[in-house]
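Beneath this line is the structure, given in structure tokens, with notes to follow.
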Amino acid sequence: MCERELKTADSLLPRPAGALNVSGLPGSRRRRLWELDSMAFCPVIGVCLPIETLRGLVEKVLRAPAPASDYELHCCTINECKQRTPVAERLHKELESRYALSVRQAAACKSTQALAQWWALQRRAGDQLPGALWAVLTHPRCDTPCAEGVLADVHMLQHQVGAAQRVDLKRHAELQEQHAALQRESALLQERCAQALREKTACIERQGAELVRLRAELLGRDTLVASLCEQLKALEDAVPGLKARLEQAHQITAQLARIQELERQARHWQQRAADLQRRCELQEQRLAQAAPAAGVRANPAAEAPVEPATPLRDKAVLCVGGRSASVPVYRKLIERTGGRFLHHDGGEEDSPAQLDVNLAAADLVICQTGCISHDAYWRVKDHCKRHGKQCVFVEKPSAASLERELRTIGQARPLPAACTAQAGAEAPASR
């Protein structure tokens with residue numbers, strides 16, 4: 001049985017016409033399964049019918065278990081199909097039903113050449129190969145050369161499929177190894193995740209316990225605060241007028257601080273009065289020594305030059321502009337009058353924000369118009385006008401001009417809310 005079915009390569013070579021049972025093609029009648037040549041049974045049964053379908057059909061027809069081996073089932077089925085048997089008829093019906101579409105498509109081929117061309121197209125497509133094989137072998141225009149060509153193509157395709165299966169098996173083995181490695185890695189990752197989850201759960205439990213402890217501590221503190229508030233209220237009720245007494249104590253403390261401040265100021269002014277008194281006595285002594293020898297009695301109060309009151313004592317004097325080398329001289333002249341010296345260069349190095357700060361702290365502003373920028377000039381003028389501060393503009397940035405202006409301020413009574421300017425002073429030139 002095996003020798004009849006396992007053909008050698010020589011059996012696929014061209015043979016004389018009539019080798020296949022296709023002589024005298026009968027019009028449009030299609031061949032039945034049992035009418036095919038014995039060479040066609042093996043590829044038709046093996047390619048066109050899945051082994052599980054074949055096993056079910058054989059058991060259903062024979063009403064008995066089919067052979068356990070797939071190879072034995074294949075060989076037995078081939079033997080049954082060589083004649084018109086119930087198995088052959090049932091398989092023929094199954095093939096007709098399964099590949100009805102391919103049969104209808106092949107029916108359009110009215111010649112052997114057209115049938116061969118249709119088979120070539122189906123072979124290259126590959127998706128409908130089993131149906132095309134059945135449709136071509138049973139076609140009424142399939143002669144011996146056409147059938148042999150079809151069987152040869154199927155034979156070579158089976159070799160290619162076998163080679164591809166071997167490659168797929170090798171690839172499958174590689175994929176199995178990769179799958180095993182990935183499974184091991186996945187197990188390690190799962191273990192790590194489980195460990196991290198356990199640690200996180202423990203941390204959450206610790207934080208929950210800490211939260212409960214803190215809530216209990218907060219509740220205890222709230223209870224203590226409420227108790228202390230009740231005790232405080234009880235004490236306030238026990239001592240009437242406690243709030244008023246506390247306010248009076250605060251007022252007394254503030255008044256004591258004010259009294260101490262006033263005492264310090266009084267001592268300061270007493271010291272200044274004593275200094276003035278000593279100066280007056282020294283002036284009288286000098287006048288008495290300078291009196292005429294004729295014995296004419298001088299009147300110190302009428303003849304002695306009265307030192308003009310210095311309006312700059314304890315005042316902050318801001319000098320804006322001027323030469324940097326003359327700043328020490330400016331400081332000396334202003335501090336000699338008793339004032340506190342402040343300086344701004346008028347926009348060369350010091351920032352405009354610093355000028356605003358100095359203007360706010362100054363009681364008197366002396367502006368050197370020849371050595372400041374336009375922005376500084378207008379800042380000084382606008383600030384003094386808005387705040388009513390005395391402002392003196394000096395055109396020439398020299399120590400003599402500053403001294404002359406200070407002497408003028410000492411002799412003249414300062415204007416409380418005016419901004420005086422030297423006659424002829426103009427806006428500064430561009431620097």
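Chain identifiers are assigned as A, B, and so on, following the order in which chains appear in the structure tokens; residues are numbered from 1 within each chain, and ligands are numbered from 1 in order of appearance.
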- Please provide as a ChimeraX atom specification all residues within 10 Å of Cys109 (chain A), with the sequence filter that same-chain residues fewer than 6 positions apart are discarded (counting only C-alpha atoms). /A:115-118,136,139-141
Could you write out that same residue set with C-alpha atoms as a tab-separated table (two decimals), in the first residue's frame?
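Saved the output as part-v7.tsv:
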```tsv
chain	number	residue	atom	x	y	z
A	115	LEU	CA	-7.62	26.49	-17.16
A	116	ALA	CA	-3.82	26.32	-16.89
A	117	GLN	CA	-3.59	30.11	-16.75
A	118	TRP	CA	-6.26	30.27	-14.04
A	136	VAL	CA	-8.78	22.00	-11.80
A	139	HIS	CA	-12.62	20.17	-14.57
A	140	PRO	CA	-13.76	18.60	-17.87
A	141	ARG	CA	-11.01	20.42	-19.82
```
Env of Ala100 (chain A): 12 Å cut, atoms = only C-alpha atoms, seq-sep filter 6 positions within chain, self excluded. Answer as a CSV table (one decimal) with N, CA and C atoms, in the first residue's frame.
```csv
chain,number,residue,atom,x,y,z
A,92,HIS,N,-16.5,13.2,-1.7
A,92,HIS,CA,-16.8,14.0,-2.9
A,92,HIS,C,-17.8,15.0,-2.6
A,93,LYS,N,-18.9,14.7,-1.9
A,93,LYS,CA,-19.9,15.7,-1.5
A,93,LYS,C,-19.3,16.8,-0.6
A,94,GLU,N,-18.4,16.4,0.3
A,94,GLU,CA,-17.8,17.4,1.2
A,94,GLU,C,-16.9,18.4,0.4
A,106,ALA,N,-13.7,28.2,-11.8
A,106,ALA,CA,-13.0,27.4,-12.9
A,106,ALA,C,-13.9,27.1,-14.0
A,107,ALA,N,-15.2,27.1,-13.8
A,107,ALA,CA,-16.2,26.7,-14.9
A,107,ALA,C,-16.1,27.7,-16.0
A,128,GLN,N,-6.3,30.4,-2.0
A,128,GLN,CA,-7.3,29.5,-2.4
A,128,GLN,C,-6.8,28.3,-3.1
A,130,PRO,N,-6.2,25.0,-2.1
A,130,PRO,CA,-6.9,23.7,-2.0
A,130,PRO,C,-8.1,23.7,-3.0
A,131,GLY,N,-8.9,24.8,-3.0
A,131,GLY,CA,-10.1,24.8,-3.8
A,131,GLY,C,-9.7,24.8,-5.3
A,132,ALA,N,-8.6,25.5,-5.6
A,132,ALA,CA,-8.2,25.6,-7.0
A,132,ALA,C,-7.7,24.2,-7.5
A,134,TRP,N,-8.8,21.2,-6.4
A,134,TRP,CA,-10.0,20.4,-6.6
A,134,TRP,C,-10.7,20.8,-7.9
A,135,ALA,N,-10.8,22.1,-8.1
A,135,ALA,CA,-11.6,22.6,-9.2
A,135,ALA,C,-10.9,22.2,-10.5
```
- Message: At a cut-off of 6 Å, using only C-alpha atoms, what residues contact region 363-377 of chain A? Leave out same-chain residues fewer than 4 positions from it and give the result as a count of residues only.
- Response: 17
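Between CA of Arg340 (chain A) and CA of Arg278 (chain A) the interatomic distance comes to 24.1 Å.
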- Distance query Pro86 (chain A) at most 12 Å, only C-alpha atoms, self and fewer than 5 positions along chain excluded, as an NGL selection string: :A and (33-34 or 57-63 or 77 or 80-81 or 91-93)
- Task: Apply DSSP to the backbone of this structure and, from region 184-401 of chain A, keep only the residues in strand (DSSP E); write these as a PyMOL selection string.
- Result: chain A and resi 316-320+340-344+364-368+390-394
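CA of His155 (chain A) is found 20.6 Å from CA of Cys76 (chain A).
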- Figure out the distance between CA of Arg336 (chain A) and CA of Ala400 (chain A), please, to one decimal in Å.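 Separating CA of Ala400 (chain A) from CA of Arg336 (chain A) is a distance of 14.5 Å.
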- Query: Asp356 (chain A): which residues within 9 Å, counting only C-alpha atoms, same-chain residues fewer than 5 positions away excluded, as a VMD selection string?
  - Reply: chain A and resid 361 379 to 380 383
- Message: Just list as a PyMOL selection string whatever in region 104-331 of chain A DSSP marks as alpha helix (DSSP H).
- Response: chain A and resi 104-106+112-125+129-137+144-238+242-289+300-303+327-331
